[in-house]
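Heads up, work.cif below (mmCIF, C-alpha atoms, pLDDT in the B column; chains and numbers go by the auth columns):
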```
data_coords
loop_
_atom_site.group_PDB
_atom_site.id
_atom_site.type_symbol
_atom_site.label_atom_id
_atom_site.label_comp_id
_atom_site.label_asym_id
_atom_site.label_seq_id
_atom_site.Cartn_x
_atom_site.Cartn_y
_atom_site.Cartn_z
_atom_site.B_iso_or_equiv
_atom_site.auth_seq_id
_atom_site.auth_asym_id
ATOM 1 C CA MET A 1 93.299 71.691 117.485 43.00 1 A
ATOM 2 C CA ASN A 2 91.914 74.889 115.980 55.00 2 A
ATOM 3 C CA ASN A 3 94.754 77.194 114.970 75.00 3 A
ATOM 4 C CA VAL A 4 93.597 80.817 115.099 81.00 4 A
ATOM 5 C CA ARG A 5 95.318 83.029 112.553 86.00 5 A
ATOM 6 C CA THR A 6 97.705 85.574 114.036 93.00 6 A
ATOM 7 C CA VAL A 7 98.266 89.221 113.094 94.00 7 A
ATOM 8 C CA SER A 8 101.597 88.127 111.603 95.00 8 A
ATOM 9 C CA ASP A 9 99.794 85.594 109.403 94.00 9 A
ATOM 10 C CA THR A 10 97.458 88.313 108.131 95.00 10 A
ATOM 11 C CA LYS A 11 100.269 90.787 107.426 95.00 11 A
ATOM 12 C CA ARG A 12 102.319 88.099 105.669 96.00 12 A
ATOM 13 C CA THR A 13 99.360 87.237 103.439 96.00 13 A
ATOM 14 C CA PHE A 14 98.830 90.908 102.619 96.00 14 A
ATOM 15 C CA TYR A 15 102.438 91.530 101.575 95.00 15 A
ATOM 16 C CA ASN A 16 102.446 88.328 99.521 96.00 16 A
ATOM 17 C CA LEU A 17 99.376 89.565 97.642 96.00 17 A
ATOM 18 C CA HIS A 18 100.417 93.205 97.263 96.00 18 A
ATOM 19 C CA THR A 19 104.128 93.185 96.508 94.00 19 A
ATOM 20 C CA ARG A 20 104.677 96.822 95.567 94.00 20 A
ATOM 21 C CA PRO A 21 106.000 99.166 98.298 93.00 21 A
ATOM 22 C CA ILE A 22 103.454 101.382 100.079 93.00 22 A
ATOM 23 C CA ASN A 23 104.187 105.061 100.648 85.00 23 A
ATOM 24 C CA THR A 24 105.307 105.596 104.253 82.00 24 A
ATOM 25 C CA ILE A 25 102.514 107.937 105.392 82.00 25 A
ATOM 26 C CA TYR A 26 99.882 105.454 104.188 90.00 26 A
ATOM 27 C CA ARG A 27 101.511 102.216 105.346 92.00 27 A
ATOM 28 C CA ARG A 28 100.449 102.857 108.932 90.00 28 A
ATOM 29 C CA VAL A 29 96.855 103.500 107.817 91.00 29 A
ATOM 30 C CA VAL A 30 96.719 100.204 105.925 94.00 30 A
ATOM 31 C CA GLU A 31 98.337 98.140 108.679 94.00 31 A
ATOM 32 C CA GLU A 32 96.207 99.613 111.494 93.00 32 A
ATOM 33 C CA LEU A 33 93.003 99.025 109.532 94.00 33 A
ATOM 34 C CA MET A 34 94.099 95.494 108.654 95.00 34 A
ATOM 35 C CA VAL A 35 94.990 94.661 112.278 95.00 35 A
ATOM 36 C CA GLU A 36 91.626 96.034 113.449 95.00 36 A
ATOM 37 C CA MET A 37 89.827 93.849 110.917 96.00 37 A
ATOM 38 C CA HIS A 38 91.938 90.831 111.862 96.00 38 A
ATOM 39 C CA LEU A 39 91.140 91.161 115.580 95.00 39 A
ATOM 40 C CA LEU A 40 87.431 91.366 114.780 95.00 40 A
ATOM 41 C CA SER A 41 87.565 88.400 112.410 93.00 41 A
ATOM 42 C CA VAL A 42 88.962 86.082 115.098 93.00 42 A
ATOM 43 C CA ASN A 43 86.404 87.219 117.707 93.00 43 A
ATOM 44 C CA VAL A 44 83.717 84.554 118.207 92.00 44 A
ATOM 45 C CA ASP A 45 80.946 87.173 118.505 93.00 45 A
ATOM 46 C CA PHE A 46 81.859 88.997 115.300 94.00 46 A
ATOM 47 C CA SER A 47 79.691 88.622 112.222 91.00 47 A
ATOM 48 C CA TYR A 48 79.950 90.438 108.914 94.00 48 A
ATOM 49 C CA ASN A 49 77.249 92.951 107.985 94.00 49 A
ATOM 50 C CA PRO A 50 76.908 95.620 105.245 95.00 50 A
ATOM 51 C CA ILE A 51 77.214 98.575 107.671 95.00 51 A
ATOM 52 C CA TYR A 52 80.557 97.225 108.862 97.00 52 A
ATOM 53 C CA ALA A 53 81.587 96.788 105.199 97.00 53 A
ATOM 54 C CA LEU A 54 80.662 100.420 104.505 97.00 54 A
ATOM 55 C CA GLY A 55 82.787 101.455 107.493 96.00 55 A
ATOM 56 C CA VAL A 56 85.787 99.548 106.133 97.00 56 A
ATOM 57 C CA VAL A 57 85.370 100.920 102.596 97.00 57 A
ATOM 58 C CA THR A 58 84.817 104.492 103.825 96.00 58 A
ATOM 59 C CA THR A 59 87.828 104.375 106.141 95.00 59 A
ATOM 60 C CA PHE A 60 90.059 103.038 103.384 96.00 60 A
ATOM 61 C CA ASP A 61 88.841 105.490 100.749 94.00 61 A
ATOM 62 C CA ARG A 62 88.998 108.545 103.014 92.00 62 A
ATOM 63 C CA PHE A 63 92.402 107.863 104.547 92.00 63 A
ATOM 64 C CA MET A 64 93.980 106.741 101.267 92.00 64 A
ATOM 65 C CA GLN A 65 92.956 109.894 99.389 89.00 65 A
ATOM 66 C CA GLY A 66 95.845 111.317 97.398 85.00 66 A
ATOM 67 C CA TYR A 67 97.738 108.017 97.290 90.00 67 A
ATOM 68 C CA GLN A 68 100.197 107.684 94.432 88.00 68 A
ATOM 69 C CA PRO A 69 100.340 105.716 92.240 90.00 69 A
ATOM 70 C CA GLU A 70 96.545 105.775 92.258 92.00 70 A
ATOM 71 C CA GLN A 71 96.319 102.526 90.280 93.00 71 A
ATOM 72 C CA ASP A 72 97.770 100.646 93.284 95.00 72 A
ATOM 73 C CA LEU A 73 94.738 101.433 95.455 95.00 73 A
ATOM 74 C CA ALA A 74 92.604 98.553 94.156 96.00 74 A
ATOM 75 C CA SER A 75 95.439 96.084 94.709 96.00 75 A
ATOM 76 C CA ILE A 76 96.035 97.349 98.269 97.00 76 A
ATOM 77 C CA PHE A 77 92.328 97.182 99.153 97.00 77 A
ATOM 78 C CA ASN A 78 91.846 93.731 97.659 97.00 78 A
ATOM 79 C CA ALA A 79 94.951 92.348 99.378 97.00 79 A
ATOM 80 C CA MET A 80 93.860 93.820 102.725 97.00 80 A
ATOM 81 C CA ILE A 81 90.414 92.186 102.572 97.00 81 A
ATOM 82 C CA GLN A 82 91.791 88.883 101.281 97.00 82 A
ATOM 83 C CA ALA A 83 94.385 88.890 104.074 96.00 83 A
ATOM 84 C CA VAL A 84 91.536 88.568 106.605 95.00 84 A
ATOM 85 C CA GLU A 85 90.000 85.832 104.436 94.00 85 A
ATOM 86 C CA GLN A 86 87.117 87.921 103.129 95.00 86 A
ATOM 87 C CA ASP A 87 85.836 88.822 99.657 96.00 87 A
ATOM 88 C CA PRO A 88 86.780 92.375 98.525 97.00 88 A
ATOM 89 C CA GLN A 89 83.999 92.415 95.927 97.00 89 A
ATOM 90 C CA ARG A 90 81.404 91.689 98.602 97.00 90 A
ATOM 91 C CA TYR A 91 82.630 94.660 100.664 97.00 91 A
ATOM 92 C CA ARG A 92 82.534 97.026 97.700 97.00 92 A
ATOM 93 C CA GLN A 93 79.102 95.816 96.537 96.00 93 A
ATOM 94 C CA ASP A 94 77.508 96.023 99.993 95.00 94 A
ATOM 95 C CA ALA A 95 79.030 99.470 100.568 96.00 95 A
ATOM 96 C CA ALA A 96 77.691 100.670 97.198 96.00 96 A
ATOM 97 C CA ARG A 97 74.235 99.281 98.035 94.00 97 A
ATOM 98 C CA LEU A 98 74.134 101.193 101.325 94.00 98 A
ATOM 99 C CA GLN A 99 75.482 104.352 99.691 94.00 99 A
ATOM 100 C CA ALA A 100 72.594 104.171 97.202 93.00 100 A
ATOM 101 C CA VAL A 101 70.118 103.771 100.086 91.00 101 A
ATOM 102 C CA ALA A 102 71.557 106.807 101.888 92.00 102 A
ATOM 103 C CA HIS A 103 71.320 108.933 98.740 92.00 103 A
ATOM 104 C CA SER A 104 67.707 107.860 98.152 91.00 104 A
ATOM 105 C CA LEU A 105 66.309 108.681 101.616 89.00 105 A
ATOM 106 C CA PRO A 106 65.789 111.973 103.458 92.00 106 A
ATOM 107 C CA VAL A 107 68.089 111.953 106.496 93.00 107 A
ATOM 108 C CA LYS A 108 65.129 111.854 108.922 93.00 108 A
ATOM 109 C CA ASP A 109 63.794 108.700 107.228 92.00 109 A
ATOM 110 C CA LEU A 110 67.257 107.146 107.326 92.00 110 A
ATOM 111 C CA ILE A 111 67.552 107.835 111.073 93.00 111 A
ATOM 112 C CA ALA A 112 64.090 106.360 111.668 92.00 112 A
ATOM 113 C CA TRP A 113 65.098 103.222 109.765 91.00 113 A
ATOM 114 C CA LEU A 114 68.462 102.826 111.509 92.00 114 A
ATOM 115 C CA SER A 115 66.871 103.406 114.912 91.00 115 A
ATOM 116 C CA GLN A 116 64.244 100.760 114.072 87.00 116 A
ATOM 117 C CA THR A 117 61.249 103.044 114.527 86.00 117 A
ATOM 118 C CA THR A 118 60.159 102.456 110.902 83.00 118 A
ATOM 119 C CA GLN A 119 60.585 99.589 108.418 79.00 119 A
ATOM 120 C CA PHE A 120 62.586 99.868 105.200 72.00 120 A
ATOM 121 C CA TYR A 121 60.612 97.909 102.644 66.00 121 A
ATOM 122 C CA GLN A 122 62.801 98.741 99.630 70.00 122 A
ATOM 123 C CA ASP A 123 65.476 96.272 100.767 75.00 123 A
ATOM 124 C CA ALA A 124 64.210 93.354 102.848 80.00 124 A
ATOM 125 C CA ASP A 125 67.707 91.935 103.327 83.00 125 A
ATOM 126 C CA LEU A 126 69.025 95.130 104.923 85.00 126 A
ATOM 127 C CA GLN A 127 65.920 95.358 107.095 86.00 127 A
ATOM 128 C CA THR A 128 66.458 91.779 108.303 89.00 128 A
ATOM 129 C CA GLN A 129 70.130 92.422 109.074 89.00 129 A
ATOM 130 C CA LEU A 130 69.343 95.537 111.096 90.00 130 A
ATOM 131 C CA GLN A 131 66.721 93.657 113.100 91.00 131 A
ATOM 132 C CA ALA A 132 69.238 90.863 113.736 92.00 132 A
ATOM 133 C CA ILE A 133 71.736 93.406 115.111 92.00 133 A
ATOM 134 C CA ALA A 134 69.122 94.989 117.393 92.00 134 A
ATOM 135 C CA GLN A 135 67.989 91.601 118.696 93.00 135 A
ATOM 136 C CA ASN A 136 71.457 90.111 119.240 93.00 136 A
ATOM 137 C CA PRO A 137 72.669 90.693 122.835 92.00 137 A
ATOM 138 C CA HIS A 138 76.119 89.420 121.807 93.00 138 A
ATOM 139 C CA PHE A 139 76.471 91.637 118.736 94.00 139 A
ATOM 140 C CA LYS A 140 80.144 92.561 118.365 95.00 140 A
ATOM 141 C CA TYR A 141 80.177 96.344 118.078 95.00 141 A
ATOM 142 C CA SER A 142 83.216 97.907 116.394 96.00 142 A
ATOM 143 C CA ARG A 143 84.586 101.319 115.509 95.00 143 A
ATOM 144 C CA LEU A 144 84.237 100.383 111.840 96.00 144 A
ATOM 145 C CA PHE A 145 80.526 99.693 112.345 96.00 145 A
ATOM 146 C CA ALA A 146 80.146 103.172 113.900 96.00 146 A
ATOM 147 C CA ILE A 147 81.950 104.705 110.908 96.00 147 A
ATOM 148 C CA GLY A 148 79.508 102.866 108.632 96.00 148 A
ATOM 149 C CA LEU A 149 76.575 104.423 110.513 95.00 149 A
ATOM 150 C CA PHE A 150 78.140 107.882 110.349 95.00 150 A
ATOM 151 C CA SER A 151 78.858 107.469 106.629 95.00 151 A
ATOM 152 C CA LEU A 152 75.180 106.753 105.967 95.00 152 A
ATOM 153 C CA LEU A 153 74.161 109.969 107.731 95.00 153 A
ATOM 154 C CA GLU A 154 76.888 111.945 105.952 94.00 154 A
ATOM 155 C CA LEU A 155 75.845 110.616 102.538 94.00 155 A
ATOM 156 C CA ALA A 156 72.189 111.413 103.226 93.00 156 A
ATOM 157 C CA ASP A 157 72.932 114.984 104.336 93.00 157 A
ATOM 158 C CA ALA A 158 76.503 116.261 104.712 92.00 158 A
ATOM 159 C CA GLU A 159 75.334 119.503 106.344 93.00 159 A
ATOM 160 C CA PHE A 160 73.235 117.611 108.901 93.00 160 A
ATOM 161 C CA VAL A 161 76.247 115.825 110.426 92.00 161 A
ATOM 162 C CA LYS A 162 78.170 119.103 110.772 91.00 162 A
ATOM 163 C CA ASP A 163 75.621 120.264 113.353 92.00 163 A
ATOM 164 C CA ASP A 164 76.804 118.786 116.669 91.00 164 A
ATOM 165 C CA GLN A 165 73.358 118.753 118.309 93.00 165 A
ATOM 166 C CA GLN A 166 71.574 117.174 115.329 94.00 166 A
ATOM 167 C CA ARG A 167 74.318 114.602 114.822 94.00 167 A
ATOM 168 C CA ASN A 168 74.440 113.614 118.493 94.00 168 A
ATOM 169 C CA GLU A 169 70.638 113.308 118.728 95.00 169 A
ATOM 170 C CA ALA A 170 70.626 111.087 115.636 95.00 170 A
ATOM 171 C CA LEU A 171 73.405 108.875 117.003 95.00 171 A
ATOM 172 C CA LYS A 172 71.574 108.610 120.334 95.00 172 A
ATOM 173 C CA ALA A 173 68.369 107.456 118.614 95.00 173 A
ATOM 174 C CA ILE A 174 70.264 104.932 116.465 95.00 174 A
ATOM 175 C CA ALA A 175 72.226 103.586 119.459 95.00 175 A
ATOM 176 C CA GLN A 176 69.017 103.099 121.431 95.00 176 A
ATOM 177 C CA GLY A 177 67.237 101.446 118.504 94.00 177 A
ATOM 178 C CA LEU A 178 70.078 98.989 117.863 94.00 178 A
ATOM 179 C CA HIS A 179 70.806 98.478 121.601 94.00 179 A
ATOM 180 C CA LEU A 180 74.375 99.770 121.309 95.00 180 A
ATOM 181 C CA SER A 181 76.431 102.031 123.560 94.00 181 A
ATOM 182 C CA GLU A 182 75.840 105.663 122.628 94.00 182 A
ATOM 183 C CA ASP A 183 78.997 106.620 124.520 95.00 183 A
ATOM 184 C CA LYS A 184 81.189 104.210 122.516 95.00 184 A
ATOM 185 C CA ILE A 185 79.729 105.335 119.191 95.00 185 A
ATOM 186 C CA THR A 186 80.208 109.022 120.021 94.00 186 A
ATOM 187 C CA LYS A 187 83.798 108.578 121.231 95.00 187 A
ATOM 188 C CA ASP A 188 84.783 106.399 118.272 95.00 188 A
ATOM 189 C CA LEU A 189 83.360 108.899 115.788 94.00 189 A
ATOM 190 C CA GLU A 190 85.038 111.845 117.506 93.00 190 A
ATOM 191 C CA LEU A 191 88.367 110.020 117.157 93.00 191 A
ATOM 192 C CA TYR A 192 87.614 109.132 113.533 93.00 192 A
ATOM 193 C CA ARG A 193 86.821 112.731 112.591 90.00 193 A
ATOM 194 C CA SER A 194 89.883 113.980 114.488 89.00 194 A
ATOM 195 C CA ASN A 195 92.114 111.483 112.665 89.00 195 A
ATOM 196 C CA LEU A 196 90.668 112.562 109.312 87.00 196 A
ATOM 197 C CA ASP A 197 91.641 116.153 110.125 86.00 197 A
ATOM 198 C CA LYS A 198 95.149 115.078 111.147 85.00 198 A
ATOM 199 C CA MET A 199 95.560 113.046 107.963 82.00 199 A
ATOM 200 C CA ALA A 200 94.432 116.007 105.853 81.00 200 A
ATOM 201 C CA GLN A 201 96.979 118.239 107.611 82.00 201 A
ATOM 202 C CA ALA A 202 99.730 115.646 107.134 77.00 202 A
ATOM 203 C CA LEU A 203 98.953 115.454 103.416 75.00 203 A
ATOM 204 C CA ILE A 204 99.169 119.266 103.128 80.00 204 A
ATOM 205 C CA VAL A 205 102.574 119.230 104.843 76.00 205 A
ATOM 206 C CA MET A 206 103.733 116.393 102.593 70.00 206 A
ATOM 207 C CA ALA A 207 102.526 118.241 99.474 72.00 207 A
ATOM 208 C CA ASP A 208 104.373 121.399 100.587 76.00 208 A
ATOM 209 C CA MET A 209 107.566 119.392 101.178 75.00 209 A
ATOM 210 C CA LEU A 210 107.314 117.743 97.759 70.00 210 A
ATOM 211 C CA ALA A 211 106.693 121.109 96.097 76.00 211 A
ATOM 212 C CA ALA A 212 109.721 122.652 97.857 80.00 212 A
ATOM 213 C CA ASP A 213 111.872 119.664 96.882 76.00 213 A
ATOM 214 C CA ARG A 214 110.699 119.912 93.265 77.00 214 A
ATOM 215 C CA LYS A 215 111.502 123.637 93.213 80.00 215 A
ATOM 216 C CA LYS A 216 115.042 122.987 94.486 81.00 216 A
ATOM 217 C CA ARG A 217 115.579 120.287 91.848 77.00 217 A
ATOM 218 C CA ASP A 218 114.365 122.621 89.109 77.00 218 A
ATOM 219 C CA GLN A 219 116.682 125.381 90.329 79.00 219 A
ATOM 220 C CA ARG A 220 119.663 123.006 90.405 78.00 220 A
ATOM 221 C CA GLN A 221 118.814 121.800 86.891 77.00 221 A
ATOM 222 C CA GLN A 222 118.559 125.361 85.604 79.00 222 A
ATOM 223 C CA GLN A 223 121.926 126.214 87.157 77.00 223 A
ATOM 224 C CA SER A 224 123.584 123.137 85.653 75.00 224 A
ATOM 225 C CA THR A 225 122.256 123.882 82.156 73.00 225 A
ATOM 226 C CA ALA A 226 122.821 127.654 82.251 64.00 226 A
ATOM 227 C CA PRO A 227 125.520 128.802 79.757 64.00 227 A
ATOM 228 C CA VAL A 228 128.853 129.637 81.372 57.00 228 A
ATOM 229 C CA ALA A 229 129.903 133.254 80.856 57.00 229 A
ATOM 230 C CA PRO A 230 133.172 133.633 78.897 60.00 230 A
ATOM 231 C CA PRO A 231 136.188 134.819 80.899 57.00 231 A
ATOM 232 C CA SER A 232 136.712 138.575 80.971 57.00 232 A
ATOM 233 C CA ASN A 233 139.620 140.012 78.883 56.00 233 A
ATOM 234 C CA GLU A 234 140.232 142.815 81.309 51.00 234 A
#
```
Now, as a test, write the supplied structure out as C-alpha cells.
Amino acid sequence: MNNVRTVSDTKRTFYNLHTRPINTIYRRVVEELMVEMHLLSVNVDFSYNPIYALGVVTTFDRFMQGYQPEQDLASIFNAMIQAVEQDPQRYRQDAARLQAVAHSLPVKDLIAWLSQTTQFYQDADLQTQLQAIAQNPHFKYSRLFAIGLFSLLELADAEFVKDDQQRNEALKAIAQGLHLSEDKITKDLELYRSNLDKMAQALIVMADMLAADRKKRDQRQQQSTAPVAPPSNE
C-alpha cells in the first residue's frame, strides 16, 4: 500500500527541522506556501521544473522581506523545501540560473523564448524543459509556475510589467506558446500582485506599531530615571 504524505506530515517535518518560533505575520505565509507545495508534490501530474522553482523562491523572498531575525530565513526556507522532500539547494541554484537568463536577455527576446517562437541556444537544458512543458498535455500548471514566469519578465524589464497592456500581451503569447490557460495565469498573477501590496501595507502598519511601542517604552524609562524634585519648604 502506497502511503501518501499528508499536510500534517509535511508541517510536522517542517517544525522538527526549524525549531525556532516564526513571527506571527509571517507564519501564515510560510504555512500557505508549504501547503501549496505539498498539494502539488502529491499530484501525479506534477513534475519539478526551474520556472516553478523560481516561483517558489520569488514568493518566499518577496513575502518574507523584513523578517527578523534575518539569519533565520535560510533555516525557514531550507526546512520548508525539505518538508516536501525536495532539495533547497536545487531550488536556489535553478532560480539563480533563470534570474541570470532574464538579466541577460532583452524582454522581447525572453518573451519569444518563453512563447516558443524562438530557440534559446545558450542553455540547452532550459530549452528542453520548456519544450517538454509545451508538449505535455498533462502538465500540472500551478500558481507558483505563473509567478516564476512573471518573475522572469520583471527581472528582464521591471517597467515593462507595470504596463498592463504590454504585460497582458506578453502573458497571452507565453500561455499560447506553452499551451496553458491565459485566464488562469492572469488571475493568479493579479492575486499575487494584490497580496504583495497587502503584505507591504501590513508591514508598514506593523512597523508603525513597533515604533509607537518603542516610543512609549522610552518615555516610561525616561520617567522612571528622571530625578525626583525635592519637597518644597513652603
### Message
If we count only C-alpha atoms and set the cut-off at 8 Å, which residues sit around stretch 46-51 of chain A, ignoring sequence neighbours fewer than 3 positions away in its own chain? Please answer as JSON, numbers by chain.
### Response
{"A": [40, 41, 42, 43, 54, 55, 91, 94, 95, 98, 126, 129, 139, 140, 145, 148, 149]}
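Applied to the file shown here, the PyMOL selection byres ((chain A and resi 15-19) around 7) selects Lys11, Arg12, Thr13, Phe14, Arg20, Pro21, Ser75, Ile76 and Ala79 of chain A.
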Cut-off 9 Å: closest stretch 57-130 of chain A/stretch 24-34 of chain A atom pairs per residue, using all atoms listed in the file, as a tab-separated table:
```
residue	atom	partner	partner_atom	distance
A:Thr59	CA	A:Leu33	CA	8.2
A:Phe60	CA	A:Val30	CA	7.7
A:Phe63	CA	A:Val29	CA	7.0
A:Met64	CA	A:Tyr26	CA	6.7
A:Tyr67	CA	A:Tyr26	CA	7.7
A:Ile76	CA	A:Val30	CA	8.2
A:Phe77	CA	A:Val30	CA	8.6
A:Met80	CA	A:Met34	CA	6.2
A:Ile81	CA	A:Met34	CA	7.8
A:Ala83	CA	A:Met34	CA	8.0
A:Val84	CA	A:Met34	CA	7.7
```
Mind writing the picked residues with C-alpha atoms as a short mmCIF file (atom, residue, chain, number, x, y, z; two decimals), in the coordinates of the input?
```
data_model
loop_
_atom_site.label_atom_id
_atom_site.label_comp_id
_atom_site.auth_asym_id
_atom_site.auth_seq_id
_atom_site.Cartn_x
_atom_site.Cartn_y
_atom_site.Cartn_z
CA THR A 59 87.83 104.38 106.14
CA PHE A 60 90.06 103.04 103.38
CA PHE A 63 92.40 107.86 104.55
CA MET A 64 93.98 106.74 101.27
CA TYR A 67 97.74 108.02 97.29
CA ILE A 76 96.04 97.35 98.27
CA PHE A 77 92.33 97.18 99.15
CA MET A 80 93.86 93.82 102.72
CA ILE A 81 90.41 92.19 102.57
CA ALA A 83 94.38 88.89 104.07
CA VAL A 84 91.54 88.57 106.60
#
```
Determine, for each residue of stretch 114-164 of chain A having at least one atom at most 9 Å from an atom of stretch 182-194 of chain A, the closest pair of atoms and their separation in Å to one decimal, counting only C-alpha atoms; order by chain and ascending number, as CSV.
```
residue,atom,partner,partner_atom,distance
A:Ser142,CA,A:Ile185,CA,8.7
A:Arg143,CA,A:Asp188,CA,5.8
A:Leu144,CA,A:Asp188,CA,8.8
A:Phe145,CA,A:Ile185,CA,8.9
A:Ala146,CA,A:Ile185,CA,5.7
A:Ile147,CA,A:Leu189,CA,6.6
A:Phe150,CA,A:Leu189,CA,7.6
```
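Note that the spacing between atom CA of A:Gln99 and atom CA of A:Gln131 amounts to 19.3 Å.
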### Task
Give me, please, the distance in Å between atom CA of A:Leu39 and atom CA of A:Val7, quoted to one decimal.
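Result for atom CA of A:Leu39 versus atom CA of A:Val7: 7.8 Å, one decimal.
Shortest separation to A:Ala173 among A:Gln71, A:Gln135, A:Gln201, A:Ser115 occurs at residue A:Ser115, atoms counted being all atoms listed in the file.
The shortest atom-to-atom distance to A:Gln86, with only C-alpha atoms taken into account, belongs to A:His38 out of A:His179, A:Arg5, A:His38, A:Arg220.
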### Query
In Å, how far is it from atom CA of A:Asp208 to atom CA of A:Gln221?
19.9 Å
### Task
Counting all atoms listed in the file, figure out which residue out of A:Asp87, A:Asp45, A:Asp213, A:Glu154 gets nearest to A:Leu171.
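Closest to A:Leu171, using all atoms listed in the file: A:Glu154.
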Go through stretch 130-165 of chain A residue by residue and, counting only C-alpha atoms, keep those with an atom at most 12 Å from stretch 105-113 of chain A; for each kept residue give the shortest atom pair and its distance in Å to one decimal, ordered by chain and increasing number, as a tab-separated table.
```
residue	atom	partner	partner_atom	distance
A:Leu130	CA	A:Trp113	CA	8.9
A:Gln131	CA	A:Trp113	CA	10.3
A:Ala134	CA	A:Trp113	CA	11.9
A:Leu149	CA	A:Ile111	CA	9.7
A:Phe150	CA	A:Ile111	CA	10.6
A:Ser151	CA	A:Leu110	CA	11.6
A:Leu152	CA	A:Leu110	CA	8.0
A:Leu153	CA	A:Val107	CA	6.5
A:Glu154	CA	A:Val107	CA	8.8
A:Leu155	CA	A:Val107	CA	8.8
A:Ala156	CA	A:Val107	CA	5.3
A:Asp157	CA	A:Val107	CA	6.1
A:Ala158	CA	A:Val107	CA	9.6
A:Glu159	CA	A:Val107	CA	10.5
A:Phe160	CA	A:Val107	CA	8.0
A:Val161	CA	A:Val107	CA	9.8
```
### Message
Set the distance at 7 Å and use all atoms listed in the file: which residues neighbour A:Val57 once local chain neighbours fewer than 4 positions away are removed? I'd like the list as a ChimeraX atom specification.
### Response
/A:53,61,92,95
### Task
Check the smallest atom-to-atom distance from each of A:Leu178, A:Leu114, A:Lys172, A:Ile204 to A:Gln127 using only C-alpha atoms, then report the winner.
A:Leu114
#### Entry: A:Ser104, A:Gln65, A:Thr128, A:Thr10 ranked by distance to A:Ala200, top pick (using only C-alpha atoms)
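The closest residue to A:Ala200 is A:Gln65.
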For stretch 203-208 of chain A, which lacks atoms in the input, supply all heavy atoms and format the output as a PDB file, in the frame of the given file.
```pdb
ATOM      1  N   LEU A 203      98.848 115.469 104.877  1.00 75.00           N
ATOM      2  CA  LEU A 203      98.953 115.454 103.416  1.00 75.00           C
ATOM      3  C   LEU A 203      99.320 116.837 102.876  1.00 75.00           C
ATOM      4  O   LEU A 203     100.071 116.953 101.901  1.00 75.00           O
ATOM      5  CB  LEU A 203      97.633 114.993 102.797  1.00 75.00           C
ATOM      6  CG  LEU A 203      97.297 113.510 102.993  1.00 75.00           C
ATOM      7  CD1 LEU A 203      95.924 113.197 102.433  1.00 75.00           C
ATOM      8  CD2 LEU A 203      98.354 112.626 102.336  1.00 75.00           C
ATOM      9  N   ILE A 204      98.815 117.900 103.536  1.00 80.00           N
ATOM     10  CA  ILE A 204      99.169 119.266 103.128  1.00 80.00           C
ATOM     11  C   ILE A 204     100.660 119.499 103.350  1.00 80.00           C
ATOM     12  O   ILE A 204     101.362 120.035 102.488  1.00 80.00           O
ATOM     13  CB  ILE A 204      98.328 120.304 103.903  1.00 80.00           C
ATOM     14  CG1 ILE A 204      96.861 120.233 103.458  1.00 80.00           C
ATOM     15  CG2 ILE A 204      98.880 121.708 103.702  1.00 80.00           C
ATOM     16  CD1 ILE A 204      95.907 121.032 104.328  1.00 80.00           C
ATOM     17  N   VAL A 205     101.147 119.081 104.526  1.00 76.00           N
ATOM     18  CA  VAL A 205     102.574 119.230 104.843  1.00 76.00           C
ATOM     19  C   VAL A 205     103.418 118.459 103.832  1.00 76.00           C
ATOM     20  O   VAL A 205     104.436 118.962 103.326  1.00 76.00           O
ATOM     21  CB  VAL A 205     102.872 118.739 106.281  1.00 76.00           C
ATOM     22  CG1 VAL A 205     104.379 118.673 106.530  1.00 76.00           C
ATOM     23  CG2 VAL A 205     102.206 119.653 107.301  1.00 76.00           C
ATOM     24  N   MET A 206     102.989 117.222 103.536  1.00 70.00           N
ATOM     25  CA  MET A 206     103.733 116.393 102.593  1.00 70.00           C
ATOM     26  C   MET A 206     103.748 117.034 101.201  1.00 70.00           C
ATOM     27  O   MET A 206     104.779 117.055 100.524  1.00 70.00           O
ATOM     28  CB  MET A 206     103.130 114.997 102.515  1.00 70.00           C
ATOM     29  CG  MET A 206     103.949 114.027 101.668  1.00 70.00           C
ATOM     30  SD  MET A 206     103.367 112.318 101.810  1.00 70.00           S
ATOM     31  CE  MET A 206     101.814 112.419 100.914  1.00 70.00           C
ATOM     32  N   ALA A 207     102.606 117.588 100.783  1.00 72.00           N
ATOM     33  CA  ALA A 207     102.526 118.241  99.474  1.00 72.00           C
ATOM     34  C   ALA A 207     103.441 119.457  99.427  1.00 72.00           C
ATOM     35  O   ALA A 207     104.121 119.699  98.417  1.00 72.00           O
ATOM     36  CB  ALA A 207     101.080 118.654  99.181  1.00 72.00           C
ATOM     37  N   ASP A 208     103.489 120.228 100.520  1.00 76.00           N
ATOM     38  CA  ASP A 208     104.373 121.399 100.587  1.00 76.00           C
ATOM     39  C   ASP A 208     105.842 120.981 100.497  1.00 76.00           C
ATOM     40  O   ASP A 208     106.652 121.625  99.813  1.00 76.00           O
ATOM     41  CB  ASP A 208     104.139 122.176 101.889  1.00 76.00           C
ATOM     42  CG  ASP A 208     102.797 122.907 101.898  1.00 76.00           C
ATOM     43  OD1 ASP A 208     102.206 123.040 100.812  1.00 76.00           O
ATOM     44  OD2 ASP A 208     102.353 123.320 102.984  1.00 76.00           O
TER      45      ASP A 208
END
```
